[in-house]
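Engineer: This is model35.cif, which holds mmCIF, C-alpha atoms:
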```cif
data_run
#
loop_
_atom_site.label_atom_id
_atom_site.label_comp_id
_atom_site.auth_asym_id
_atom_site.auth_seq_id
_atom_site.Cartn_x
_atom_site.Cartn_y
_atom_site.Cartn_z
CA ARG A 4 135.78 250.15 172.30
CA SER A 5 136.88 249.80 168.67
CA VAL A 6 134.24 248.91 166.01
CA PRO A 7 135.22 246.19 163.48
CA VAL A 8 135.43 247.51 159.94
CA ALA A 9 134.16 245.29 157.07
CA THR A 10 136.79 244.65 154.41
CA ALA A 11 136.21 243.32 150.89
CA ASN A 12 136.79 239.75 152.07
CA SER A 13 135.22 239.94 155.50
CA PRO A 14 132.17 237.76 156.30
CA ARG A 15 129.93 240.83 156.55
CA ALA A 16 130.86 242.00 153.04
CA LEU A 17 130.50 238.54 151.52
CA SER A 18 127.14 237.96 153.14
CA GLY A 19 125.64 240.93 151.24
CA ARG A 20 126.71 239.74 147.81
CA PRO A 21 124.15 236.93 147.26
CA SER A 22 121.28 239.26 148.06
CA TRP A 23 122.51 241.90 145.62
CA ILE A 24 123.22 239.38 142.87
CA GLY A 25 119.85 237.70 143.37
CA SER A 26 117.98 241.00 143.13
CA ALA A 27 119.86 241.98 139.98
CA THR A 28 119.20 238.59 138.38
CA PHE A 29 115.51 238.80 139.20
CA ALA A 30 115.29 242.35 137.81
CA ALA A 31 117.07 241.31 134.61
CA LEU A 32 114.80 238.29 134.18
CA LEU A 33 111.68 240.38 134.76
CA ALA A 34 112.88 242.99 132.25
CA ALA A 35 113.51 240.26 129.67
CA ILE A 36 110.02 238.80 130.18
CA VAL A 37 108.38 242.20 129.86
CA TYR A 38 110.36 243.02 126.71
CA LEU A 39 109.81 239.67 125.03
CA PHE A 40 106.13 239.16 125.75
CA TYR A 41 104.70 242.66 126.28
CA PHE A 42 106.79 244.93 124.04
CA GLY A 43 107.25 242.81 120.93
CA GLY A 44 110.69 241.44 121.59
CA TYR A 45 109.64 237.92 120.68
CA ARG A 46 109.09 239.05 117.09
CA HIS A 47 112.86 238.73 116.66
CA LEU A 48 112.74 235.05 117.68
CA LEU A 49 110.12 233.85 115.20
CA VAL A 50 110.68 231.13 112.60
CA ASP A 51 108.54 230.20 109.62
CA ASP A 52 106.52 227.62 111.55
CA SER A 53 105.81 229.86 114.55
CA SER A 54 102.10 230.43 115.14
CA SER A 55 102.53 234.21 114.82
CA PHE A 56 104.78 234.12 111.76
CA ALA A 57 101.92 234.87 109.32
CA ILE A 58 100.83 237.81 111.46
CA GLU A 59 104.27 239.39 111.50
CA LEU A 60 104.66 238.80 107.77
CA THR A 61 101.36 240.64 107.31
CA MET A 62 102.72 243.50 109.43
CA ARG A 63 105.74 243.80 107.14
CA ILE A 64 103.39 243.87 104.13
CA LEU A 65 101.34 246.65 105.74
CA ASP A 66 104.44 248.67 106.56
CA ALA A 67 105.70 248.51 102.99
CA ASN A 68 102.38 249.13 101.20
CA LYS A 69 100.55 251.88 103.07
CA ASP A 70 98.93 253.36 99.97
CA ALA A 71 96.72 250.35 99.14
CA HIS A 72 93.14 251.22 98.15
CA LEU A 73 91.66 247.81 99.03
CA LEU A 74 92.34 245.50 101.97
CA VAL A 75 91.13 241.91 101.71
CA ILE A 76 90.57 240.17 105.04
CA GLY A 77 89.87 236.52 105.76
CA ASN A 78 91.47 233.21 106.63
CA SER A 79 93.51 230.84 104.44
CA THR A 80 90.80 230.87 101.75
CA VAL A 81 91.77 234.52 101.18
CA ALA A 82 95.50 233.89 101.56
CA GLU A 83 95.29 231.31 98.77
CA GLY A 84 92.30 232.52 96.76
CA PHE A 85 92.68 236.28 96.32
CA ARG A 86 95.42 237.13 93.83
CA ALA A 87 96.47 240.73 94.33
CA SER A 88 98.65 240.51 91.23
CA THR A 89 95.58 239.87 89.08
CA TYR A 90 93.54 242.58 90.78
CA ASN A 91 96.30 245.20 90.64
CA LYS A 92 96.88 244.72 86.92
CA ALA A 93 93.23 245.52 86.25
CA THR A 94 93.02 248.50 88.62
CA ALA A 95 96.45 250.15 88.32
CA PRO A 96 97.56 252.48 89.81
CA ARG A 97 95.13 251.51 92.58
CA THR A 98 96.35 248.51 94.51
CA SER A 99 95.08 245.84 96.88
CA LEU A 100 96.63 243.94 99.78
CA ASN A 101 95.88 240.34 100.68
CA LEU A 102 95.68 240.14 104.50
CA GLY A 103 94.44 236.56 104.66
CA VAL A 104 95.81 234.58 107.62
CA GLY A 105 95.34 230.84 108.04
CA SER A 106 93.01 229.79 110.89
CA ALA A 107 92.07 233.42 111.61
CA HIS A 108 88.63 234.56 112.80
CA PHE A 109 86.78 237.76 113.70
CA PHE A 110 89.16 238.95 116.44
CA VAL A 111 92.14 238.72 114.07
CA TYR A 112 90.20 240.44 111.27
CA GLU A 113 89.38 243.41 113.50
CA LYS A 114 92.86 243.59 114.99
CA LEU A 115 94.57 243.49 111.58
CA ALA A 116 92.35 246.29 110.29
CA ASP A 117 93.03 248.32 113.42
CA LEU A 118 96.79 247.88 113.04
CA ALA A 119 96.51 249.00 109.41
CA PHE A 120 94.65 252.16 110.42
CA LYS A 121 97.17 252.91 113.17
CA ARG A 122 99.93 252.69 110.58
CA GLY A 123 98.28 255.55 108.71
CA MET A 124 96.60 253.49 106.02
CA LYS A 125 93.44 254.96 104.50
CA PRO A 126 91.95 252.31 102.21
CA GLN A 127 88.87 253.17 100.20
CA ALA A 128 87.33 249.76 100.84
CA ILE A 129 87.72 246.52 102.75
CA LEU A 130 86.56 243.14 101.51
CA VAL A 131 85.68 240.51 104.12
CA VAL A 132 85.56 236.91 102.89
CA LEU A 133 83.76 234.48 105.21
CA THR A 134 83.81 230.70 105.18
CA PRO A 135 80.60 228.88 106.20
CA GLU A 136 82.06 227.92 109.60
CA SER A 137 82.46 231.58 110.52
CA LEU A 138 78.96 231.92 111.95
CA SER A 139 78.90 228.60 113.78
CA LEU A 140 80.43 227.52 117.07
CA ARG A 141 82.41 224.29 116.97
CA PRO A 142 82.49 221.98 120.01
CA GLY A 143 85.89 221.73 121.65
CA TYR A 144 87.40 224.57 119.65
CA ASP A 145 88.14 227.89 121.36
CA GLU A 146 88.11 230.26 118.41
CA LEU A 147 88.95 233.36 120.42
CA LEU A 148 91.90 231.71 122.17
CA ASN A 149 93.16 230.57 118.78
CA ASP A 150 93.00 234.17 117.52
CA MET A 151 94.81 235.49 120.59
CA THR A 152 97.57 232.92 120.08
CA LEU A 153 97.98 233.98 116.47
CA MET A 154 98.01 237.69 117.38
CA LYS A 155 100.09 237.36 120.56
CA THR A 156 103.06 239.36 119.25
CA GLU A 157 100.80 242.34 118.47
CA LEU A 158 98.48 242.34 121.48
CA GLY A 159 98.31 245.47 123.61
CA ALA A 160 96.37 247.28 126.33
CA GLY A 161 93.61 248.23 123.90
CA ASP A 162 92.73 244.59 123.45
CA TYR A 163 91.20 244.31 126.91
CA ILE A 164 88.22 246.23 125.50
CA ARG A 165 88.32 244.42 122.16
CA LEU A 166 88.11 241.07 123.92
CA TRP A 167 84.86 242.09 125.57
CA HIS A 168 83.17 242.42 122.17
CA HIS A 169 84.36 238.95 121.14
CA SER A 170 83.74 237.05 124.38
CA SER A 171 80.60 234.97 124.75
CA GLY A 172 80.04 236.00 128.37
CA LEU A 173 81.63 237.10 131.61
CA ALA A 174 83.36 233.77 132.23
CA SER A 175 84.86 233.76 128.74
CA TYR A 176 86.01 237.35 129.13
CA ALA A 177 87.59 236.66 132.52
CA ASP A 178 89.52 233.74 131.03
CA LYS A 179 90.78 235.76 128.05
CA PHE A 180 91.49 238.80 130.24
CA GLY A 181 93.75 236.64 132.38
CA ARG A 182 95.59 235.26 129.36
CA LEU A 183 96.12 238.75 127.98
CA ALA A 184 97.44 239.93 131.35
CA LEU A 185 99.69 236.87 131.78
CA ARG A 186 100.80 236.90 128.16
CA PRO A 187 103.67 234.39 128.38
CA ALA A 188 100.98 231.68 128.66
CA LEU A 189 100.11 232.33 124.99
CA TYR A 190 103.68 231.43 124.01
CA THR A 191 103.74 227.95 125.58
CA ASP A 192 103.95 225.97 122.33
CA ASP A 193 106.56 228.28 120.81
CA LEU A 194 108.73 228.18 123.90
CA ARG A 195 108.47 224.39 124.16
CA ASP A 196 109.52 224.01 120.52
CA MET A 197 112.42 226.40 121.05
CA LEU A 198 113.74 224.46 124.05
CA VAL A 199 113.39 221.08 122.32
CA HIS A 200 115.06 222.23 119.09
CA LEU A 201 117.29 224.98 120.46
CA ARG A 202 120.30 224.44 118.20
CA SER A 203 118.40 224.27 114.90
CA ARG A 204 116.03 227.00 116.05
CA VAL A 205 118.87 229.50 116.51
CA GLY A 206 119.89 229.11 112.88
CA LYS A 207 116.30 229.39 111.64
CA ILE A 208 115.77 232.54 113.72
CA ARG A 209 118.72 234.19 112.05
CA VAL A 210 117.51 233.29 108.55
CA THR A 211 113.89 234.27 109.26
CA TYR A 212 114.84 237.59 110.81
CA GLY A 213 116.93 238.52 107.80
CA TRP A 214 114.26 237.46 105.32
CA MET A 215 111.49 239.34 107.13
CA LYS A 216 113.32 242.67 106.75
CA THR A 217 112.35 242.87 103.08
CA ALA A 218 109.60 240.25 102.82
CA GLY A 219 106.79 242.78 102.64
CA ASN A 220 108.25 244.86 99.82
CA ASP A 221 106.74 242.70 97.08
CA PRO A 222 103.63 240.93 98.43
CA GLU A 223 102.69 239.63 94.98
CA ALA A 224 105.86 237.52 95.01
CA LEU A 225 104.45 235.64 98.02
CA GLU A 226 101.45 234.33 96.11
CA THR A 227 101.26 230.55 95.72
CA ASP A 228 101.08 228.83 92.36
CA ASN A 229 99.26 225.56 93.05
CA ARG A 230 97.94 224.03 89.81
CA PHE A 231 96.40 220.82 91.18
CA GLN A 232 92.68 220.35 90.48
CA VAL A 233 90.54 218.60 93.06
CA CYS A 234 88.71 216.93 90.17
CA ASP A 235 91.77 214.70 89.85
CA ALA A 236 91.12 213.32 93.34
CA GLY A 237 88.00 211.54 92.08
CA PRO A 238 84.81 211.17 94.15
CA LEU A 239 85.42 212.59 97.61
CA GLN A 240 83.47 209.86 99.37
CA GLU A 241 85.92 207.32 97.91
CA LEU A 242 89.05 209.34 98.58
CA GLU A 243 90.33 207.12 101.39
CA LYS A 244 90.36 204.13 99.02
CA THR A 245 91.97 206.21 96.30
CA ILE A 246 94.77 207.25 98.67
CA ALA A 247 95.31 203.65 99.85
CA ALA A 248 95.71 202.53 96.23
CA GLU A 249 97.98 205.45 95.42
CA ARG A 250 100.32 204.58 98.28
CA ALA A 251 101.05 201.32 96.49
CA VAL A 252 102.31 203.25 93.45
CA ALA A 253 106.06 203.70 93.63
CA GLY A 254 107.11 207.32 93.26
CA SER A 255 103.55 208.62 93.02
CA THR A 256 103.52 212.30 92.07
CA ARG A 257 99.98 212.96 93.24
CA LEU A 258 99.90 211.22 96.63
CA GLY A 259 100.79 214.42 98.48
CA ASP A 260 97.98 216.31 96.74
CA LEU A 261 95.45 213.58 97.53
CA GLU A 262 96.46 213.47 101.18
CA ARG A 263 96.15 217.24 101.45
CA VAL A 264 92.63 217.10 100.00
CA TRP A 265 91.67 214.39 102.49
CA ALA A 266 93.25 216.22 105.45
CA GLY A 267 91.02 219.23 104.85
CA TYR A 268 87.92 217.36 103.79
CA SER A 269 87.87 214.75 106.56
CA VAL A 270 87.78 217.30 109.39
CA ARG A 271 84.81 219.07 107.80
CA VAL A 272 82.61 216.07 106.95
CA ASN A 273 79.63 215.76 109.29
CA GLN A 274 80.77 218.67 111.45
CA PRO A 275 77.92 220.03 113.61
CA LEU A 276 77.14 223.44 112.12
CA GLN A 277 74.49 225.85 113.33
CA VAL A 278 74.32 229.61 112.90
CA ASP A 279 75.04 231.05 116.32
CA ALA A 280 73.65 234.32 117.69
CA HIS A 281 76.94 235.27 119.34
CA GLN A 282 78.89 234.71 116.13
CA MET A 283 76.39 236.85 114.27
CA GLN A 284 76.85 239.60 116.85
CA ARG A 285 80.62 239.43 116.47
CA PHE A 286 80.31 239.76 112.70
CA LEU A 287 77.96 242.72 113.12
CA HIS A 288 80.46 244.35 115.48
CA LEU A 289 83.24 243.83 112.93
CA LEU A 290 81.23 245.48 110.16
CA LYS A 291 80.40 248.47 112.36
CA PHE A 292 84.05 248.80 113.34
CA LEU A 293 85.14 248.78 109.69
CA THR A 294 82.46 251.10 108.30
CA ALA A 295 83.31 253.69 110.95
CA ARG A 296 86.76 253.92 109.37
CA VAL A 297 86.45 253.25 105.62
CA PRO A 298 83.97 254.48 102.99
CA GLN A 299 82.88 251.03 101.80
CA VAL A 300 82.90 247.45 103.07
CA TYR A 301 82.18 244.42 100.89
CA VAL A 302 81.26 240.95 102.10
CA ILE A 303 81.28 237.68 100.18
CA ALA A 304 80.92 234.02 101.09
CA ALA A 305 84.09 232.08 100.34
CA PRO A 306 83.76 229.59 97.47
CA ILE A 307 83.79 225.92 98.49
CA TYR A 308 83.77 222.56 96.72
CA ASP A 309 81.37 220.17 98.42
CA PRO A 310 79.23 218.52 95.72
CA GLU A 311 77.82 215.88 98.06
CA PHE A 312 76.87 218.44 100.77
CA ALA A 313 78.78 216.27 103.24
CA ALA A 314 80.77 219.10 104.82
CA TYR A 315 78.19 221.87 104.52
CA PRO A 316 74.59 220.59 104.45
CA ALA A 317 72.09 222.42 102.25
CA SER A 318 70.07 223.58 105.26
CA TYR A 319 73.12 225.17 106.88
CA ARG A 320 74.18 226.84 103.65
CA GLU A 321 70.74 228.45 103.44
CA ASP A 322 70.94 229.61 107.07
CA PHE A 323 74.43 230.97 106.53
CA ALA A 324 73.43 232.88 103.38
CA ARG A 325 70.36 234.28 105.13
CA ALA A 326 72.44 235.44 108.10
CA LEU A 327 74.93 237.18 105.81
CA ARG A 328 72.09 239.05 104.12
CA GLU A 329 70.42 240.07 107.38
CA ILE A 330 73.61 241.29 109.03
CA SER A 331 74.88 243.12 105.96
CA GLN A 332 71.57 244.97 105.66
CA GLN A 333 71.89 246.30 109.22
CA VAL A 334 74.99 248.38 108.49
CA GLU A 335 75.23 251.29 106.08
CA ARG A 336 77.90 251.16 103.38
CA VAL A 337 78.10 247.38 103.49
CA LYS A 338 77.46 245.53 100.26
CA LEU A 339 77.00 241.78 100.11
CA LEU A 340 78.43 240.47 96.85
CA PRO A 341 76.75 237.65 94.92
CA GLU A 342 78.02 234.10 95.23
CA PHE A 343 80.94 233.14 93.04
CA THR A 344 80.12 230.17 90.80
CA SER A 345 82.91 227.60 90.85
CA ASP A 346 83.69 223.98 90.03
CA CYS A 347 86.33 221.38 90.83
CA THR A 348 88.78 222.72 88.24
CA MET A 349 89.23 225.84 90.39
CA PHE A 350 90.24 224.17 93.68
CA PHE A 351 93.38 222.39 94.89
CA ASP A 352 91.40 221.03 97.86
CA THR A 353 87.79 221.47 98.95
CA VAL A 354 88.13 225.01 100.31
CA HIS A 355 91.22 226.55 98.70
CA LEU A 356 91.31 227.88 95.17
CA ASN A 357 94.16 226.93 92.88
CA HIS A 358 95.95 229.35 90.56
CA VAL A 359 93.20 229.25 87.92
CA GLY A 360 90.42 229.56 90.49
CA GLY A 361 92.17 232.39 92.27
CA ASP A 362 92.51 234.34 89.04
CA GLN A 363 88.84 233.86 88.19
CA PHE A 364 87.65 234.66 91.71
CA THR A 365 89.74 237.83 91.83
CA THR A 366 88.51 238.95 88.40
CA PHE A 367 84.94 238.33 89.56
CA LEU A 368 85.52 240.43 92.68
CA GLN A 369 87.08 243.27 90.72
CA ARG A 370 84.09 243.33 88.38
CA GLU A 371 81.55 243.25 91.21
CA MET A 372 83.23 245.93 93.29
CA GLY A 373 83.95 248.19 90.31
CA SER A 374 86.45 251.01 90.51
CA LEU A 375 87.42 252.33 93.93
CA ASN A 376 87.80 256.09 94.03
#
```
Re-express the file's structure as structure tokens.
Structural biologist:
Amino acid sequence: RSVPVATANSPRALSGRPSWIGSATFAALLAAIVYLFYFGGYRHLLVDDSSSFAIELTMRILDANKDAHLLVIGNSTVAEGFRASTYNKATAPRTSLNLGVGSAHFFVYEKLADLAFKRGMKPQAILVVLTPESLSLRPGYDELLNDMTLMKTELGAGDYIRLWHHSSGLASYADKFGRLALRPALYTDDLRDMLVHLRSRVGKIRVTYGWMKTAGNDPEALETDNRFQVCDAGPLQELEKTIAAERAVAGSTRLGDLERVWAGYSVRVNQPLQVDAHQMQRFLHLLKFLTARVPQVYVIAAPIYDPEFAAYPASYREDFARALREISQQVERVKLLPEFTSDCTMFFDTVHLNHVGGDQFTTFLQREMGSLN
């Protein structure tokens, strides 16, 4: 008996095509997911309002300035308040790098330092600037998840161990472990924004990618120049009324500044703050991690403007200051710097220094730390 031979158009040949095409499509999709979310491919799709944009900008700064003697780590109070241009003029040829990232916490601080070391940087000192909230848990706010979302484009296998040191317990670690393993979940907001604004996003990606190629070459050029003084906002407890009256003024030039002050102040007023043992342990871990890699670590409390003690009660400020002293004393080669004396002329809102305040704060730090060998 003769055996039928399959030709290119026979049913047998056609029936095999969907299976082959489906397998190839699945393999291509899986490869794209792995590249984008596990091997840094998504870095090429960032725009200036992406949650990880500040992190990748910091990476470009590190890549272009590997000979810095001082790294300054903190959140937006550092990003706005430490002026590397002022510091570098006084200490030339020794230089500093501002690694402040808005909304960052201990996990980001440690990860940024680790990435700097892995890039071959050998700073003589690291300065850690802590806001009062740093040692307190805040109800409804997952600080570690926030940090993972910020750092998502730089996360790697080594972070499974790092997460253990920053998790509050086994349940917390299991949750963060799962998110690190299933990393696309950390990109949900970015992906949603991309799909909703796909056409405009494509153009912004192109511009951002081109700008980021050289953005880190001159970090001093990225410093802000805000000259507003929070004194001009008037009494903070009356700020809502002041803003309401200002909205009635046609073409007001200060309404935006007043609203920014209120946006930051209102979320901090009457917040439940209490020094937390786990947060203290995380800070201690960070100091030990840093001192194992650099000769000297400095710590300072971030300056704040809260004359009515509405955002940071006196009792909490005392507890916070005491905790900083106790933790700093537990680690060799850690020096706690004295508090920086400030007033309303130095702030553009209640927690961020303006140009004048940043210059004075940086000069104060340079004097307190002295020369770095």
Engineer: Excluding segment 218-222 of chain A and any residue of its chain fewer than 2 positions from it, enumerate the residues within 8 Å of it, using all atoms listed in the file, and give them as a ChimeraX atom specification.
Structural biologist: /A:60-68,100,214-216,224-226
Engineer: Could those residues be written to a file, using C-alpha atoms, as a compact mmCIF listing (two decimals), keeping the file's coordinate frame?
Structural biologist:
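Final output, selection.txt:
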```txt
# COMPACT_ATOMS: atom_id res chain seq x y z
CA LEU A 60 104.66 238.80 107.77
CA THR A 61 101.36 240.64 107.31
CA MET A 62 102.72 243.50 109.43
CA ARG A 63 105.74 243.80 107.14
CA ILE A 64 103.39 243.87 104.13
CA LEU A 65 101.34 246.65 105.74
CA ASP A 66 104.44 248.67 106.56
CA ALA A 67 105.70 248.51 102.99
CA ASN A 68 102.38 249.13 101.20
CA LEU A 100 96.63 243.94 99.78
CA TRP A 214 114.26 237.46 105.32
CA MET A 215 111.49 239.34 107.13
CA LYS A 216 113.32 242.67 106.75
CA ALA A 224 105.86 237.52 95.01
CA LEU A 225 104.45 235.64 98.02
CA GLU A 226 101.45 234.33 96.11
```
Engineer: I'd like to know which of A:Ile129, A:Pro135, A:Ser22, A:Leu48 is closest to Leu290 of chain A, using only C-alpha atoms.
Structural biologist: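 Closest candidate: A:Ile129.
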Engineer: Check what the PyMOL selection byres ((chain A and resi 94-96) around 10) selects in the file above and give those residues as a PDB file with C-alpha atoms, in the frame of the given file.
Structural biologist:
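Final file, expr38.pdb:
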```
ATOM      1  CA  ALA A  71      96.720 250.350  99.140  1.00  0.00           C
ATOM      2  CA  HIS A  72      93.140 251.220  98.150  1.00  0.00           C
ATOM      3  CA  THR A  89      95.580 239.870  89.080  1.00  0.00           C
ATOM      4  CA  TYR A  90      93.540 242.580  90.780  1.00  0.00           C
ATOM      5  CA  ASN A  91      96.300 245.200  90.640  1.00  0.00           C
ATOM      6  CA  LYS A  92      96.880 244.720  86.920  1.00  0.00           C
ATOM      7  CA  ALA A  93      93.230 245.520  86.250  1.00  0.00           C
ATOM      8  CA  ARG A  97      95.130 251.510  92.580  1.00  0.00           C
ATOM      9  CA  THR A  98      96.350 248.510  94.510  1.00  0.00           C
ATOM     10  CA  SER A  99      95.080 245.840  96.880  1.00  0.00           C
ATOM     11  CA  GLN A 369      87.080 243.270  90.720  1.00  0.00           C
ATOM     12  CA  GLY A 373      83.950 248.190  90.310  1.00  0.00           C
ATOM     13  CA  SER A 374      86.450 251.010  90.510  1.00  0.00           C
ATOM     14  CA  LEU A 375      87.420 252.330  93.930  1.00  0.00           C
TER      15      LEU A 375
END
```
Engineer: Counting all atoms listed in the file, which residues of segment 263-360 of chain A sit at most 12 Å from some atom of segment 103-126 of chain A, and what is each one's closest atom pair with its distance in Å to one decimal, listed by chain and rising residue number, as CSV?
Structural biologist:
```
residue,atom,partner,partner_atom,distance
A:His281,CA,A:Phe109,CA,11.6
A:Gln282,CA,A:Phe109,CA,8.8
A:Met283,CA,A:Phe109,CA,10.4
A:Gln284,CA,A:Phe109,CA,10.6
A:Arg285,CA,A:Phe109,CA,7.0
A:Phe286,CA,A:Phe109,CA,6.8
A:Leu287,CA,A:Phe109,CA,10.1
A:His288,CA,A:Glu113,CA,9.2
A:Leu289,CA,A:Glu113,CA,6.2
A:Leu290,CA,A:Glu113,CA,9.0
A:Lys291,CA,A:Glu113,CA,10.4
A:Phe292,CA,A:Glu113,CA,7.6
A:Leu293,CA,A:Ala116,CA,7.7
A:Thr294,CA,A:Ala116,CA,11.2
A:Ala295,CA,A:Asp117,CA,11.4
A:Arg296,CA,A:Phe120,CA,8.2
A:Val297,CA,A:Pro126,CA,6.5
A:Pro298,CA,A:Pro126,CA,8.3
A:Gln299,CA,A:Pro126,CA,9.2
A:Val300,CA,A:Pro126,CA,10.3
A:His355,CA,A:Gly105,CA,11.1
```
Engineer: Please return the centre and edge lengths, in Å to one decimal, of a box with edges along x, y and z that contains all listed atoms of segment 193-206 of chain A, widened by 4 Å on every side, as lines of an AutoDock Vina configuration file.
Structural biologist:
```
center_x = 113.4
center_y = 225.3
center_z = 118.5
size_x = 21.7
size_y = 16.4
size_z = 19.3
```
Engineer: For Ser55 of chain A, please output as an MDAnalysis selection string all residues within 10 Å (counting only C-alpha atoms; exclusion window: fewer than 4 positions along the same chain).
Structural biologist: chainID A and resid 45:46 49:51 59:61 104 150:157 190 193
Engineer: Run the PyMOL selection byres ((chain A and resi 81) around 12) against the file shown and list the residues it catches, as a count of residues only.
Structural biologist: 41
